[in-house]
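> For reference, the file final_30.txt (compact mmCIF, C-alpha atoms) is included below:
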```txt
# COMPACT_ATOMS: atom_id res chain seq x y z
CA MET N 89 0.00 0.00 0.00
CA THR N 90 1.50 3.36 -1.06
CA ASP N 91 1.86 6.48 1.08
CA GLU N 92 -0.95 8.16 -0.86
CA SER N 93 -3.26 5.21 -0.20
CA LEU N 94 -2.44 5.30 3.52
CA LYS N 95 -3.19 9.01 3.69
CA THR N 96 -6.48 8.51 1.85
CA LEU N 97 -7.46 5.67 4.21
CA ALA N 98 -6.53 7.72 7.29
CA GLY N 99 -8.59 10.63 5.99
CA ARG N 100 -11.62 8.43 5.47
CA VAL N 101 -11.26 6.95 8.97
CA ARG N 102 -11.11 10.45 10.50
CA GLN N 103 -14.18 11.47 8.49
CA VAL N 104 -16.15 8.44 9.71
CA LEU N 105 -15.10 9.13 13.31
CA ARG N 106 -16.27 12.75 13.00
CA GLN N 107 -19.64 11.58 11.72
CA VAL N 108 -19.96 8.99 14.49
CA ARG N 109 -19.03 11.49 17.18
CA GLY N 110 -21.74 13.93 16.12
CA PRO N 111 -21.70 17.72 16.83
CA ALA N 112 -18.24 19.19 17.21
CA THR N 113 -18.74 20.56 20.70
CA ASP N 114 -16.16 19.59 23.33
CA ALA N 115 -18.66 17.74 25.51
CA ALA N 116 -20.19 15.83 22.60
CA VAL N 117 -16.81 14.94 21.12
CA PHE N 118 -15.42 13.66 24.40
CA GLU N 119 -18.58 11.72 25.23
CA ALA N 120 -18.67 10.07 21.81
CA THR N 121 -14.94 9.39 21.89
CA ALA N 122 -15.35 7.76 25.29
CA LEU N 123 -18.03 5.49 23.79
CA ILE N 124 -15.65 4.58 20.96
CA VAL N 125 -12.86 3.84 23.47
CA GLY N 126 -15.23 1.75 25.57
CA SER N 127 -16.42 -0.16 22.49
CA GLY N 128 -12.82 -0.87 21.54
CA PHE N 129 -12.08 -2.32 24.96
CA LEU N 130 -15.34 -4.31 24.79
CA VAL N 131 -14.19 -6.04 21.61
CA ALA N 132 -10.61 -6.46 22.86
CA GLY N 133 -11.78 -7.90 26.16
CA PHE N 134 -14.01 -10.47 24.46
CA LEU N 135 -11.31 -11.52 21.98
CA ILE N 136 -8.75 -11.91 24.77
CA ALA N 137 -11.00 -13.64 27.31
CA LEU N 138 -12.77 -16.16 25.05
CA PRO N 139 -9.64 -18.18 24.05
CA VAL N 140 -8.40 -18.09 27.65
CA PHE N 141 -11.72 -19.30 29.07
CA TRP N 142 -12.53 -21.82 26.32
CA GLY N 143 -12.88 -25.38 27.57
CA HIS N 144 -13.07 -24.41 31.25
CA GLU N 145 -15.78 -24.00 33.83
CA LEU N 146 -14.85 -20.87 35.75
CA ALA N 147 -15.51 -19.69 39.28
CA ILE N 148 -16.91 -16.21 39.87
CA SER N 149 -14.15 -15.22 42.30
CA GLY N 150 -10.88 -16.65 43.54
CA THR N 151 -7.82 -17.98 41.74
CA GLY N 152 -8.35 -18.35 37.99
CA SER N 153 -11.84 -16.81 38.16
CA ILE N 154 -13.53 -14.33 35.85
CA GLY N 155 -13.55 -11.85 38.74
CA LEU N 156 -9.76 -11.93 39.01
CA PHE N 157 -9.40 -11.72 35.21
CA ALA N 158 -11.75 -8.72 35.08
CA ALA N 159 -9.93 -7.06 37.97
CA TYR N 160 -6.45 -7.31 36.43
CA GLY N 161 -7.68 -6.46 32.94
CA GLY N 162 -9.84 -3.63 34.22
CA ALA N 163 -6.85 -2.09 36.00
CA VAL N 164 -4.74 -2.18 32.82
CA THR N 165 -7.67 -0.87 30.78
CA ALA N 166 -8.19 2.02 33.20
CA VAL N 167 -4.55 3.14 32.89
CA ILE N 168 -4.59 2.91 29.08
CA ALA N 169 -7.91 4.78 28.80
CA PHE N 170 -6.74 7.43 31.28
CA THR N 171 -3.59 7.95 29.19
CA PHE N 172 -5.69 8.28 26.02
CA GLY N 173 -7.86 10.85 27.77
CA ARG N 174 -4.92 12.98 28.86
CA LEU N 175 -3.47 12.86 25.35
CA ALA N 176 -6.85 13.90 23.93
CA VAL N 177 -6.88 17.14 25.94
CA ARG N 178 -3.18 17.89 25.54
CA PRO N 179 -2.88 21.25 23.71
CA GLU N 180 -0.76 21.39 20.57
CA LYS N 181 0.65 24.73 21.69
CA VAL N 182 0.81 25.60 25.38
CA ASP N 183 -0.51 29.06 26.22
CA PRO N 184 1.15 30.19 29.49
CA GLY N 185 -1.63 32.73 29.99
CA ALA N 186 -4.42 30.16 29.89
CA ALA N 187 -5.74 28.09 32.79
CA ARG N 188 -5.24 24.34 32.40
CA ASP N 189 -6.30 21.11 34.10
CA GLY N 190 -9.13 22.75 35.98
CA PHE N 191 -6.88 25.27 37.71
CA SER N 192 -8.07 28.84 37.93
CA VAL N 193 -4.47 30.11 37.93
CA PRO N 194 -2.96 30.49 34.42
CA GLY N 195 0.23 28.53 33.86
CA ASP N 196 -0.46 25.98 36.59
CA ARG N 197 -0.99 22.35 35.61
CA LEU N 198 -0.81 18.78 36.81
CA ARG N 199 2.71 17.32 36.93
CA TRP N 200 3.62 13.83 35.70
CA TYR N 201 3.76 12.43 39.23
CA ASP N 202 0.29 13.84 39.96
CA LEU N 203 -1.07 12.15 36.85
CA ALA N 204 0.73 8.90 37.74
CA ALA N 205 -0.94 8.82 41.16
CA ILE N 206 -4.36 9.63 39.68
CA ALA N 207 -3.94 6.97 36.98
CA PHE N 208 -2.99 4.44 39.64
CA ALA N 209 -6.08 5.41 41.62
CA HIS N 210 -8.26 4.70 38.58
CA ALA N 211 -6.53 1.34 38.14
CA ALA N 212 -7.01 0.52 41.81
CA ILE N 213 -10.69 1.49 41.66
CA ALA N 214 -11.19 -0.86 38.70
CA TYR N 215 -9.18 -3.66 40.29
CA LEU N 216 -10.68 -3.49 43.77
CA GLY N 217 -14.15 -2.68 42.46
CA TRP N 218 -14.36 -5.73 40.20
CA LEU N 219 -12.87 -7.94 42.92
CA GLY N 220 -15.56 -6.69 45.30
CA VAL N 221 -18.35 -7.22 42.77
CA ALA N 222 -17.08 -10.74 42.06
CA GLU N 223 -16.94 -11.54 45.78
CA LEU N 224 -20.52 -10.34 46.27
CA LEU N 225 -21.73 -12.36 43.27
CA GLU N 226 -19.87 -15.43 44.53
CA ARG N 227 -21.69 -15.19 47.84
CA SER N 228 -25.00 -14.67 46.04
CA PHE N 229 -24.50 -17.59 43.59
CA THR N 230 -22.68 -20.11 45.79
CA ASP N 231 -20.75 -22.76 43.77
CA ALA N 232 -22.29 -21.57 40.49
CA PRO N 233 -20.00 -22.23 37.47
CA VAL N 234 -19.52 -19.73 34.64
CA PHE N 235 -19.22 -21.02 31.05
CA PRO N 236 -16.65 -19.59 28.62
CA PHE N 237 -18.89 -17.51 26.30
CA PRO N 238 -20.92 -15.63 28.98
CA GLY N 239 -17.75 -15.29 31.04
CA ALA N 240 -15.99 -13.61 28.12
CA VAL N 241 -18.97 -11.29 27.63
CA LEU N 242 -18.94 -10.30 31.31
CA VAL N 243 -15.22 -9.60 31.23
CA ALA N 244 -15.61 -7.56 28.03
CA VAL N 245 -18.29 -5.42 29.69
CA ALA N 246 -16.01 -4.90 32.69
CA PHE N 247 -13.21 -3.72 30.39
CA ALA N 248 -15.59 -1.41 28.51
CA LEU N 249 -16.91 0.22 31.68
CA ALA N 250 -13.42 0.73 33.09
CA GLY N 251 -12.22 2.28 29.83
CA TYR N 252 -15.28 4.50 29.36
CA VAL N 253 -15.27 5.93 32.89
CA SER N 254 -11.47 6.39 33.04
CA PHE N 255 -11.40 8.23 29.71
CA LEU N 256 -14.16 10.64 30.71
CA SER N 257 -12.48 11.24 34.07
CA ALA N 258 -9.16 11.99 32.36
CA VAL N 259 -10.57 14.60 29.97
CA ALA N 260 -12.44 16.44 32.74
CA LEU N 261 -10.00 16.55 35.65
CA THR N 262 -11.52 19.41 37.61
CA PRO N 263 -11.06 19.74 41.39
CA THR N 264 -14.53 18.31 41.92
CA VAL N 265 -13.87 15.30 39.68
CA LEU N 266 -10.55 14.66 41.40
CA SER N 267 -12.13 14.82 44.85
CA LEU N 268 -14.84 12.38 43.73
CA VAL N 269 -12.16 10.03 42.39
CA LEU N 270 -10.50 10.19 45.81
CA ALA N 271 -13.78 9.49 47.58
CA VAL N 272 -14.66 6.54 45.33
CA PHE N 273 -11.12 5.19 45.64
CA LEU N 274 -11.28 5.26 49.43
CA VAL N 275 -14.76 3.70 49.57
CA VAL N 276 -13.92 0.94 47.09
CA GLY N 277 -10.57 0.23 48.77
CA ALA N 278 -12.12 0.10 52.24
CA PHE N 279 -14.99 -2.20 51.25
CA ALA N 280 -12.72 -4.47 49.22
CA SER N 281 -10.45 -4.77 52.25
CA MET N 282 -13.41 -5.59 54.50
CA LEU N 283 -14.65 -8.28 52.10
CA ALA N 284 -11.17 -9.81 51.76
CA SER N 285 -10.40 -9.73 55.48
CA SER N 286 -9.42 -13.08 56.99
CA ASP N 287 -10.72 -11.88 60.36
CA VAL N 288 -14.50 -11.50 60.20
CA HIS N 289 -14.46 -9.75 63.57
CA TRP N 290 -11.81 -7.15 62.66
CA TRP N 291 -14.26 -4.38 63.60
CA ARG N 292 -14.04 -5.34 67.26
CA ASP N 293 -10.51 -3.92 67.37
CA ASN N 294 -10.19 -0.89 65.09
CA LEU N 295 -10.14 0.12 61.45
CA SER N 296 -6.37 -0.34 61.35
CA ALA N 297 -6.84 -4.07 62.02
CA LEU N 298 -7.50 -4.39 58.27
CA GLY N 299 -3.89 -3.37 57.66
CA MET N 300 -2.26 -5.90 60.00
CA SER N 301 0.22 -8.28 58.37
CA SER N 302 -1.77 -11.24 59.70
CA ASN N 303 -4.82 -10.09 57.73
CA SER N 304 -5.22 -11.15 54.09
CA ALA N 305 -6.61 -7.68 53.30
CA SER N 306 -3.53 -5.82 54.52
CA VAL N 307 -2.00 -5.13 51.09
CA ALA N 308 -5.24 -3.69 49.67
CA PHE N 309 -5.95 -1.59 52.76
CA ASN N 310 -2.45 -0.17 53.20
CA THR N 311 -2.02 0.53 49.46
CA THR N 312 -5.35 2.37 49.46
CA LEU N 313 -4.15 4.66 52.26
CA ILE N 314 -0.77 5.32 50.64
CA ILE N 315 -2.20 6.25 47.23
CA ALA N 316 -4.96 8.29 48.86
CA GLY N 317 -2.31 10.22 50.76
CA VAL N 318 -0.50 11.03 47.51
CA MET N 319 -3.78 12.19 45.99
CA VAL N 320 -4.53 14.45 48.96
CA THR N 321 -1.19 16.21 48.43
CA THR N 322 -2.22 16.76 44.79
CA ILE N 323 -5.64 18.00 45.86
CA SER N 324 -4.03 20.48 48.25
CA ARG N 325 -2.53 22.34 45.29
CA TYR N 326 -5.81 22.13 43.39
CA ALA N 327 -7.75 23.43 46.39
CA THR N 328 -5.55 26.46 46.97
CA ALA N 329 -4.42 27.38 43.43
CA GLY N 330 -7.16 29.95 42.83
CA LEU N 331 -7.34 31.49 46.30
CA PRO N 332 -6.59 35.24 46.58
CA ALA N 333 -2.88 35.90 47.14
CA ASP N 334 -2.42 39.61 46.41
CA ASP N 335 -2.01 40.62 50.03
CA PRO N 336 0.92 39.25 52.14
CA LEU N 337 -1.56 38.02 54.76
CA ASP N 338 -3.54 36.17 52.09
CA ARG N 339 -0.37 34.59 50.69
CA ARG N 340 0.69 33.47 54.16
CA GLY N 341 -2.77 32.10 54.87
CA ARG N 342 -2.87 30.20 51.59
CA PHE N 343 0.56 28.77 52.36
CA MET N 344 -0.63 27.62 55.79
CA VAL N 345 -3.73 25.89 54.41
CA ARG N 346 -1.82 24.29 51.54
CA GLY N 347 0.92 23.11 53.89
CA GLY N 348 -1.66 21.71 56.31
CA LEU N 349 -3.42 19.74 53.57
CA ILE N 350 -0.09 18.42 52.27
CA LEU N 351 0.83 17.33 55.79
CA LEU N 352 -2.58 15.66 56.07
CA GLY N 353 -1.84 13.66 52.93
CA ILE N 354 1.63 12.68 54.15
CA LEU N 355 0.24 11.48 57.48
CA LEU N 356 -2.49 9.51 55.70
CA ALA N 357 0.13 7.76 53.58
CA CYS N 358 2.17 7.03 56.71
CA VAL N 359 -0.84 5.31 58.29
CA GLY N 360 -0.61 2.78 55.45
CA LEU N 361 3.19 2.65 55.43
CA PHE N 362 3.38 1.75 59.13
CA PRO N 363 0.87 -1.03 60.00
CA VAL N 364 -0.36 -0.98 63.57
CA ASP N 365 0.88 -4.47 64.46
CA GLU N 366 4.47 -3.73 63.35
CA PHE N 367 4.80 -0.01 64.17
CA PHE N 368 2.29 0.54 66.95
CA LEU N 369 3.67 3.85 68.28
CA VAL N 370 4.40 5.39 64.87
CA HIS N 371 1.03 4.29 63.47
CA ASN N 372 -0.96 5.75 66.35
CA THR N 373 1.12 8.94 66.30
CA VAL N 374 0.50 9.68 62.62
CA ALA N 375 -3.18 8.71 62.88
CA THR N 376 -3.65 11.08 65.82
CA GLY N 377 -1.62 13.71 63.99
CA MET N 378 -4.11 13.63 61.11
CA CYS N 379 -6.94 14.62 63.44
CA VAL N 380 -4.81 17.34 65.05
CA VAL N 381 -3.76 18.84 61.69
CA PHE N 382 -7.36 18.74 60.46
CA ALA N 383 -8.56 20.53 63.60
CA VAL N 384 -5.85 23.22 63.25
CA ILE N 385 -6.79 23.89 59.61
CA VAL N 386 -10.51 24.04 60.33
CA ILE N 387 -10.31 26.17 63.46
CA GLY N 388 -7.79 28.59 61.96
CA LEU N 389 -9.53 28.85 58.58
CA PRO N 390 -11.19 32.26 59.12
CA TRP N 391 -7.75 33.73 59.96
CA PHE N 392 -5.88 31.85 57.23
CA LEU N 393 -8.43 32.62 54.48
CA ARG N 394 -10.25 35.84 55.27
CA SER N 395 -12.53 35.52 52.22
CA ILE N 396 -13.84 32.07 53.18
CA PRO N 397 -17.65 32.00 53.71
CA ARG N 398 -18.57 31.93 57.39
CA VAL N 399 -21.15 29.22 56.69
CA PHE N 400 -18.35 26.88 55.63
CA VAL N 401 -16.30 27.85 58.68
CA GLY N 402 -19.25 26.93 60.89
CA LEU N 403 -19.59 23.59 59.10
CA GLY N 404 -15.94 22.79 59.76
CA TRP N 405 -16.19 23.71 63.43
CA ALA N 406 -19.26 21.47 63.73
CA TYR N 407 -17.25 18.61 62.23
CA VAL N 408 -14.47 19.11 64.76
CA LEU N 409 -16.98 19.16 67.63
CA VAL N 410 -18.53 15.91 66.37
CA ILE N 411 -15.09 14.24 66.25
CA ILE N 412 -14.37 15.43 69.81
CA LEU N 413 -17.76 14.10 70.94
CA LEU N 414 -17.03 10.73 69.30
CA ALA N 415 -13.68 10.58 71.08
CA ALA N 416 -15.46 11.23 74.37
CA PHE N 417 -17.94 8.42 73.62
CA PHE N 418 -15.01 6.10 72.95
CA ALA N 419 -13.29 7.15 76.18
CA VAL N 420 -16.34 6.18 78.26
CA GLY N 421 -16.82 2.93 76.32
CA TYR N 422 -20.04 3.92 74.53
CA TYR N 423 -18.50 3.56 71.02
CA ASN N 424 -15.71 1.27 69.94
CA LEU N 425 -12.70 2.67 68.11
CA THR N 426 -13.80 1.40 64.68
CA ALA N 427 -16.98 3.48 64.76
CA VAL N 428 -15.04 6.59 65.79
CA GLU N 429 -12.43 6.11 63.05
CA LEU N 430 -15.01 5.46 60.32
CA ILE N 431 -17.13 8.50 61.16
CA ALA N 432 -14.08 10.74 61.58
CA ALA N 433 -12.72 9.61 58.18
CA VAL N 434 -16.07 10.34 56.50
CA LEU N 435 -16.20 13.81 58.08
CA ILE N 436 -12.62 14.71 57.16
CA PHE N 437 -12.85 13.67 53.52
CA SER N 438 -16.32 15.12 53.02
CA TRP N 439 -14.93 18.41 54.38
CA ILE N 440 -12.07 18.26 51.86
CA ILE N 441 -14.55 17.74 49.00
CA VAL N 442 -16.72 20.67 50.09
CA PHE N 443 -13.61 22.81 50.64
CA LEU N 444 -12.56 22.17 47.03
CA ARG N 445 -15.86 23.52 45.75
CA THR N 446 -15.82 26.46 48.16
CA ALA N 447 -12.24 27.40 47.30
CA GLY N 448 -13.09 27.16 43.59
CA SER N 449 -16.01 29.55 43.99
CA ILE N 450 -13.76 32.02 45.86
CA GLY N 451 -11.17 31.84 43.06
CA ALA N 452 -13.83 32.39 40.38
CA HIS N 453 -15.21 35.39 42.26
CA ALA N 454 -11.71 36.84 42.62
CA ASP N 455 -11.08 36.47 38.87
CA ALA N 456 -14.36 38.17 38.07
```
Go through the file and emit its structure as structure tokens.


Amino acid sequence: MTDESLKTLAGRVRQVLRQVRGPATDAAVFEATALIVGSGFLVAGFLIALPVFWGHELAISGTGSIGLFAAYGGAVTAVIAFTFGRLAVRPEKVDPGAARDGFSVPGDRLRWYDLAAIAFAHAAIAYLGWLGVAELLERSFTDAPVFPFPGAVLVAVAFALAGYVSFLSAVALTPTVLSLVLAVFLVVGAFASMLASSDVHWWRDNLSALGMSSNSASVAFNTTLIIAGVMVTTISRYATAGLPADDPLDRRGRFMVRGGLILLGILLACVGLFPVDEFFLVHNTVATGMCVVFAVIVIGLPWFLRSIPRVFVGLGWAYVLVIILLAAFFAVGYYNLTAVELIAAVLIFSWIIVFLRTAGSIGAHADA
């Protein structure tokens, strides 16, 4: 085939893709492209899985199961689709005066290590999510075999969903999307760890019992915390990029909030790096430090960020009071430590998500 023929074929392919994608608006193009990417992974997943499964009766979960196949393949698919998405929104010529990657500050952007952590989070969500779904289905359909053809179809659908969602997430990495990715990642990682736990009564001790080396769920739980900590450090730059910084007091306040959020992410990662059964003192120190840093940020917020809405300040103070009340309930034996840790984690990360939206609205108002 000559060069001219290749160019003609490529032109026809591009023309067909434009017609399939529909109106040339950004949202429509990205949505249609995501469908094309998902369809490609659907076909690829079926063609890969069918020969592997042929001639075997498969389990839903466990070694050699369709659940494990979907989990590993979904993780790889998520990374590939995320990479495609980032390439799709990569500008041909970088304008230093334009805002990028959802930042309200021109010239700021996500670094390669930020994108690597976010891509890994997407892969982990796909991996842990499909493992969790397979485990639930296994318990619902006890000892039910899966035949090759329907098994290949199910795996193909898992690949397609992972690719579709990861692509759309990659092309629309706003602070809100990133915070939702973090929230989903934490929820999926936590529930997958609970389902995989070898100790069905882990909750009688504390949440950190899931990360003990004697627990089969330790790798999933500790990895979830480490990657979440890296993502929080990324979010801290997102959350503070558009805040007012013209006045020296505002710059100092923004630095304090950003530094506090970064420290929060580092401490969260350390909770996973130092399991409680091997590093008892260090683990408890960093876990307690997270609550202390969070309280300092929330209580000092009206002085750090003078433009922050007082309604949001009141919400943060209410969260801190609830955490203190929970600690008091634990001290008198009314709640066990697992309940306190779960509720405190939900409050802290929900506050971070709301703070992202609030900080973004402040930045938009400042630009206007």

> Provide the atom CA of Ala308 of chain N to atom CA of Ala284 of chain N distance in Å, to one decimal place.

8.8 Å

> Atom CA of Val399 of chain N to atom CA of Gly347 of chain N: how many Å, to one decimal?

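We find that atom CA of Val399 of chain N and atom CA of Gly347 of chain N lie 23.1 Å from each other.
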
> Give me, as JSON, numbers by chain, all polymer residues having an atom no more than 7 Å from segment 223-228 of chain N, counting all atoms listed in the file and skipping those fewer than 4 positions away in the same chain.

{"N": [148, 149, 219]}

> How would the residues just chosen look if you wrote them out with C-alpha atoms as a PDB file, keeping the file's coordinate frame?


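Result file is result-v1.pdb:
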```pdb
ATOM      1  CA  ILE N 148     -16.910 -16.210  39.870  1.00  0.00           C
ATOM      2  CA  SER N 149     -14.150 -15.220  42.300  1.00  0.00           C
ATOM      3  CA  LEU N 219     -12.870  -7.940  42.920  1.00  0.00           C
TER       4      LEU N 219
END
```

> When distances are computed from only C-alpha atoms, which of N:Ile124, N:Val320, N:Leu389, N:Leu256 shows the smallest separation from Ala447 of chain N?

N:Leu389

> From the list N:Ser438, N:Ser267, N:Thr121, N:Ser306, which residue is nearest Thr322 of chain N when using only C-alpha atoms?

N:Ser267

> Give me, please, the distance in Å between atom CA of Gly217 of chain N and atom CA of Val276 of chain N, quoted to one decimal.

5.9 Å

> Show me, as a list of chain:residue names, the residues that have an atom within 9 Å of Thr321 of chain N when counting all atoms listed in the file, minus same-chain residues fewer than 2 positions from it.

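Non-adjacent residues within range: N:Asp202, N:Ala316, N:Gly317, N:Val318, N:Met319, N:Ile323, N:Ser324, N:Arg325, N:Arg346, N:Leu349, N:Ile350, N:Leu351, N:Leu352, N:Gly353, N:Ile354.
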
> Applying 10 Å and all atoms listed in the file, which residues near Pro233 of chain N remain after dropping the ones on its own chain fewer than 2 positions away? List them as a list in words.

His144, Glu145, Leu146, Ala147, Ile148, Ser153, Glu226, Phe229, Thr230, Asp231, Phe235, Pro236 and Gly239 of chain N

> Identify, on the basis of only C-alpha atoms, every residue whose closest approach to segment 401-416 of chain N does not exceed 8 Å; exclude the query and any residue fewer than 4 positions from it along the same chain; express the result as a PyMOL selection string.

chain N and resi 383+386-387+389-390+396-397+420+423+428+431-432+435-436+439

> Give me a file of those residues, with C-alpha atoms, as a CSV table (one decimal), in the frame of the given file.


```
chain,number,residue,atom,x,y,z
N,383,ALA,CA,-8.6,20.5,63.6
N,386,VAL,CA,-10.5,24.0,60.3
N,387,ILE,CA,-10.3,26.2,63.5
N,389,LEU,CA,-9.5,28.8,58.6
N,390,PRO,CA,-11.2,32.3,59.1
N,396,ILE,CA,-13.8,32.1,53.2
N,397,PRO,CA,-17.6,32.0,53.7
N,420,VAL,CA,-16.3,6.2,78.3
N,423,TYR,CA,-18.5,3.6,71.0
N,428,VAL,CA,-15.0,6.6,65.8
N,431,ILE,CA,-17.1,8.5,61.2
N,432,ALA,CA,-14.1,10.7,61.6
N,435,LEU,CA,-16.2,13.8,58.1
N,436,ILE,CA,-12.6,14.7,57.2
N,439,TRP,CA,-14.9,18.4,54.4
```

> Rank N:Ala297, N:Thr328, N:Met282, N:Val140 by their smallest atom-to-atom distance to Pro263 of chain N, using all atoms listed in the file, and report the top residue only.

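Going through N:Ala297, N:Thr328, N:Met282, N:Val140 one by one, the smallest distance to Pro263 of chain N is for N:Thr328.
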
> Could you pull the residues within 10 Å of Val370 of chain N, counting all atoms listed in the file, minus those fewer than 6 positions along the same chain, as a list in words?

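Counting only the stated atoms, we get Cys358, Val359, Leu361, Phe362, Pro363, Val364 and Thr376 of chain N.
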
> What are the centre and the three edge lengths of an axis-aligned box that wraps all atoms of segment 365-378 of chain N in the file, given that 3 Å is added to every side, written as AutoDock Vina command-line options and rounded to one decimal in Å?


```
--center_x 0.3 --center_y 4.6 --center_z 64.7 --size_x 14.9 --size_y 24.2 --size_z 13.2
```

> Got a sec to check which residues sit within 10 Å of (-13.5, -2.6, 62.5), counting all atoms listed in the file, and write them as a PyMOL selection string?

chain N and resi 282+287-298+424-430
